[in-house]
Amino acid sequence: MKLVILDRDGTLNPLGDEFITSADEWSPMPGALEAIARLNHAGWHVVVATNQPGLGRGLFDVVALNAIHAKLHRQLAAMGGRIDAIFYCPHAADEECSCRKPAPGLMEQICERYGAERSDVQVVGSCAAHLQAGAALGATLHLVCTGRSAHLDPAAVQLPAGMPLGTQLHASLADFVSRLLPAVPVAGPAVQA
C-alpha cells in the first residue's frame, strides 16, 4: 500500500499563535491541498497524525476540532483530493501516553488500520517530533521547510539537531510530492511503422 502520513500544523496549515482552536482560524499552506490531490491521483493514501494537546487542556473541544477538519476535507475535496483519516493525540506532554509524538503510537495505529508495511510508509512533517515518531516506526522520513522549519534551507547538507538520520529535506509539501511522483513523460509525435 502506498501511504503518506502527514503532520498537520506547519505542514498542511500555517502555525497559529498558540493553537488553532476554530475552523475560522484554519487555512491551508499554499500548494498543500493541491499536493495531496496529486498524491491521491497517483494512487497514494494520505493520513494525518497530529498532536492536539489543546483539546486535553480544554482550549477547544472535539466539536471545534471536527469543524477544523471538516473545513480541511471540504477544501481538499474542491481540489479533487482527500485525506483518508485524521488520527490525533489529545494529551499534554506530561501525560506520558504512547500516542503523543515523538512516540510512534498514532503511526502504529495507522499502519495497523491500513495494513501498511512500516518500511514502505512515507512520513512528512515540519517538526522533529513527527519525524522522530516516523523513525521509531521505521518509515522513510521527509522534513518540509515550512512551519517550525521555515528557517531551514532545503538544500542544506547537514540535518538540523534532533532530526533522525536519513531524513530528506524539501522546500514544501508540494516539493516533496514533486520528488516522490515520477515525472509524467511528454508524449512525442506518433511514429508509423
# chains A, B, ... in the order shown; residues from 1 in each chain; ligands from 1
>>> select_by_dssp(residues="chain A", states="helix (DSSP H, G or I)", output="PyMOL selection string")
chain A and resi 23-25+32-41+53-56+62-78+93-95+105-114+118-120+128-137+147-149+173-180
>>> residues_around(residues="segment 114-118 of chain A", least_positions_apart="6", cutoff="7 Å", atoms="only C-alpha atoms", output="ChimeraX atom specification")
/A:1,137-139
>>> closest_atom_pairs(of="segment 57-160 of chain A", to="segment 7-22 of chain A", cutoff="9 Å", atoms="only C-alpha atoms", output="JSON lines")
{"residue": "A:Leu59", "atom": "CA", "partner": "A:Thr21", "partner_atom": "CA", "distance": 7.0}
{"residue": "A:Phe60", "atom": "CA", "partner": "A:Thr21", "partner_atom": "CA", "distance": 5.5}
{"residue": "A:Asp61", "atom": "CA", "partner": "A:Thr21", "partner_atom": "CA", "distance": 8.4}
{"residue": "A:Ala64", "atom": "CA", "partner": "A:Ser22", "partner_atom": "CA", "distance": 5.5}
{"residue": "A:Leu65", "atom": "CA", "partner": "A:Ser22", "partner_atom": "CA", "distance": 7.0}
{"residue": "A:Ala67", "atom": "CA", "partner": "A:Ser22", "partner_atom": "CA", "distance": 7.2}
{"residue": "A:Ile68", "atom": "CA", "partner": "A:Ser22", "partner_atom": "CA", "distance": 6.0}
{"residue": "A:Val123", "atom": "CA", "partner": "A:Asp7", "partner_atom": "CA", "distance": 8.2}
{"residue": "A:Val124", "atom": "CA", "partner": "A:Asp7", "partner_atom": "CA", "distance": 6.5}
{"residue": "A:Gly125", "atom": "CA", "partner": "A:Asp7", "partner_atom": "CA", "distance": 4.9}
{"residue": "A:Ser126", "atom": "CA", "partner": "A:Thr11", "partner_atom": "CA", "distance": 5.8}
{"residue": "A:Cys127", "atom": "CA", "partner": "A:Gly10", "partner_atom": "CA", "distance": 7.9}
{"residue": "A:His130", "atom": "CA", "partner": "A:Asp7", "partner_atom": "CA", "distance": 6.6}
{"residue": "A:Val144", "atom": "CA", "partner": "A:Thr11", "partner_atom": "CA", "distance": 7.1}
{"residue": "A:Cys145", "atom": "CA", "partner": "A:Thr11", "partner_atom": "CA", "distance": 8.7}
{"residue": "A:Thr146", "atom": "CA", "partner": "A:Gly10", "partner_atom": "CA", "distance": 5.9}
{"residue": "A:Gly147", "atom": "CA", "partner": "A:Gly10", "partner_atom": "CA", "distance": 3.7}
{"residue": "A:Arg148", "atom": "CA", "partner": "A:Gly10", "partner_atom": "CA", "distance": 6.3}
{"residue": "A:Ser149", "atom": "CA", "partner": "A:Gly10", "partner_atom": "CA", "distance": 8.2}
{"residue": "A:Ala150", "atom": "CA", "partner": "A:Gly10", "partner_atom": "CA", "distance": 8.7}
>>> closest_residue(among="A:Ala156, A:Ile36, A:Leu165, A:Ala171", to="Arg82 of chain A", atoms="only C-alpha atoms")
A:Ile36
>>> atom_distance(atom1="atom CA of Cys99 of chain A", atom2="atom CA of Gln132 of chain A")
12.7 Å
>>> residues_around(residues="Ala35 of chain A", least_positions_apart="6", cutoff="9 Å", atoms="only C-alpha atoms", output="PyMOL selection string")
chain A and resi 81+173-178
>>> write_last_selection(atoms="N, CA, C and O atoms", output="short mmCIF file (atom, residue, chain, number, x, y, z; two decimals), in the first residue's frame")
data_model
loop_
_atom_site.label_atom_id
_atom_site.label_comp_id
_atom_site.auth_asym_id
_atom_site.auth_seq_id
_atom_site.Cartn_x
_atom_site.Cartn_y
_atom_site.Cartn_z
N GLY A 81 -9.03 16.11 -4.04
CA GLY A 81 -8.23 15.25 -3.18
C GLY A 81 -8.97 14.82 -1.95
O GLY A 81 -10.11 15.24 -1.70
N LEU A 173 5.52 20.81 1.06
CA LEU A 173 4.80 19.58 0.77
C LEU A 173 4.72 19.38 -0.74
O LEU A 173 4.90 18.26 -1.24
N ALA A 174 4.49 20.45 -1.47
CA ALA A 174 4.43 20.35 -2.93
C ALA A 174 5.76 19.87 -3.51
O ALA A 174 5.79 19.06 -4.44
N ASP A 175 6.87 20.35 -2.94
CA ASP A 175 8.19 19.92 -3.40
C ASP A 175 8.39 18.43 -3.10
O ASP A 175 8.91 17.68 -3.95
N PHE A 176 7.99 17.98 -1.92
CA PHE A 176 8.07 16.55 -1.59
C PHE A 176 7.31 15.73 -2.63
O PHE A 176 7.81 14.73 -3.14
N VAL A 177 6.09 16.13 -2.94
CA VAL A 177 5.25 15.39 -3.88
C VAL A 177 5.91 15.37 -5.26
O VAL A 177 5.94 14.33 -5.93
N SER A 178 6.46 16.49 -5.69
CA SER A 178 7.12 16.55 -7.00
C SER A 178 8.31 15.58 -7.05
O SER A 178 8.58 15.00 -8.10
#
>>> closest_residue(among="A:Asp24, A:Glu34, A:Asp153, A:Asp120", to="Ala78 of chain A", atoms="only C-alpha atoms")
A:Glu34
>>> closest_atom_pairs(of="segment 102-177 of chain A", to="segment 42-49 of chain A", cutoff="8 Å", atoms="only C-alpha atoms", output="tab-separated table")
residue	atom	partner	partner_atom	distance
A:Leu106	CA	A:Ala49	CA	6.4
A:Met107	CA	A:Ala49	CA	6.8
A:Ile110	CA	A:Val47	CA	7.7
>>> write_last_selection(atoms="N, CA and C atoms", output="CSV table (one decimal), in the first residue's frame")
chain,number,residue,atom,x,y,z
A,106,LEU,N,0.5,6.7,17.4
A,106,LEU,CA,-0.5,7.1,16.3
A,106,LEU,C,-0.1,6.5,15.0
A,107,MET,N,1.1,6.5,14.7
A,107,MET,CA,1.6,6.0,13.4
A,107,MET,C,1.5,4.4,13.4
A,110,ILE,N,-2.1,3.8,12.6
A,110,ILE,CA,-2.4,4.0,11.2
A,110,ILE,C,-2.0,2.8,10.4
>>> select_by_dssp(residues="segment 4-101 of chain A", states="strand (DSSP E)", output="ChimeraX atom specification")
/A:4-6,45-51,85-89
>>> closest_residue(among="A:Leu143, A:Val63, A:Ala136, A:Leu181", to="Ala155 of chain A", atoms="only C-alpha atoms")
A:Leu143
>>> atom_distance(atom1="atom CA of Pro104 of chain A", atom2="atom CA of Gln158 of chain A")
24.5 Å
>>> closest_residue(among="A:Ser27, A:Gln52, A:Gln75, A:Thr140", to="Gln168 of chain A", atoms="only C-alpha atoms")
A:Thr140
>>> closest_residue(among="A:Arg113, A:Lys2, A:Arg74, A:Arg57", to="Leu33 of chain A", atoms="only C-alpha atoms")
A:Arg74
>>> residues_around(residues="Pro53 of chain A", least_positions_apart="4", cutoff="6 Å", atoms="only C-alpha atoms", output="list in words")
Pro90, His91 and Ala92 of chain A
>>> write_last_selection(atoms="N, CA and C atoms", output="compact mmCIF listing (two decimals), in the first residue's frame")
# COMPACT_ATOMS: atom_id res chain seq x y z
N PRO A 90 -4.84 13.77 22.03
CA PRO A 90 -5.33 14.92 22.79
C PRO A 90 -4.51 15.22 24.05
N HIS A 91 -3.47 14.45 24.31
CA HIS A 91 -2.77 14.52 25.59
C HIS A 91 -1.70 15.60 25.63
N ALA A 92 -1.46 16.13 26.82
CA ALA A 92 -0.35 17.06 27.05
C ALA A 92 0.93 16.25 27.23
>>> residues_around(residues="His73 of chain A", least_positions_apart="4", cutoff="8 Å", atoms="only C-alpha atoms", output="mmCIF file with N, CA and C atoms, in the first residue's frame")
data_model
loop_
_atom_site.group_PDB
_atom_site.id
_atom_site.type_symbol
_atom_site.label_atom_id
_atom_site.label_comp_id
_atom_site.auth_asym_id
_atom_site.auth_seq_id
_atom_site.Cartn_x
_atom_site.Cartn_y
_atom_site.Cartn_z
ATOM 1 N N HIS A 69 -11.317 20.071 10.929
ATOM 2 C CA HIS A 69 -11.019 19.002 9.984
ATOM 3 C C HIS A 69 -12.062 18.914 8.877
ATOM 4 N N ALA A 77 -11.498 18.435 -0.989
ATOM 5 C CA ALA A 77 -12.407 17.826 -1.967
ATOM 6 C C ALA A 77 -12.612 18.748 -3.167
ATOM 7 N N ARG A 82 -8.306 13.980 -1.155
ATOM 8 C CA ARG A 82 -8.913 13.508 0.088
ATOM 9 C C ARG A 82 -7.831 13.094 1.079
ATOM 10 N N ILE A 83 -8.153 13.187 2.326
ATOM 11 C CA ILE A 83 -7.355 12.613 3.401
ATOM 12 C C ILE A 83 -8.188 11.457 3.930
#
>>> closest_residue(among="A:Asp94, A:Arg100, A:His142, A:Gly54", to="Arg179 of chain A", atoms="only C-alpha atoms")
A:His142
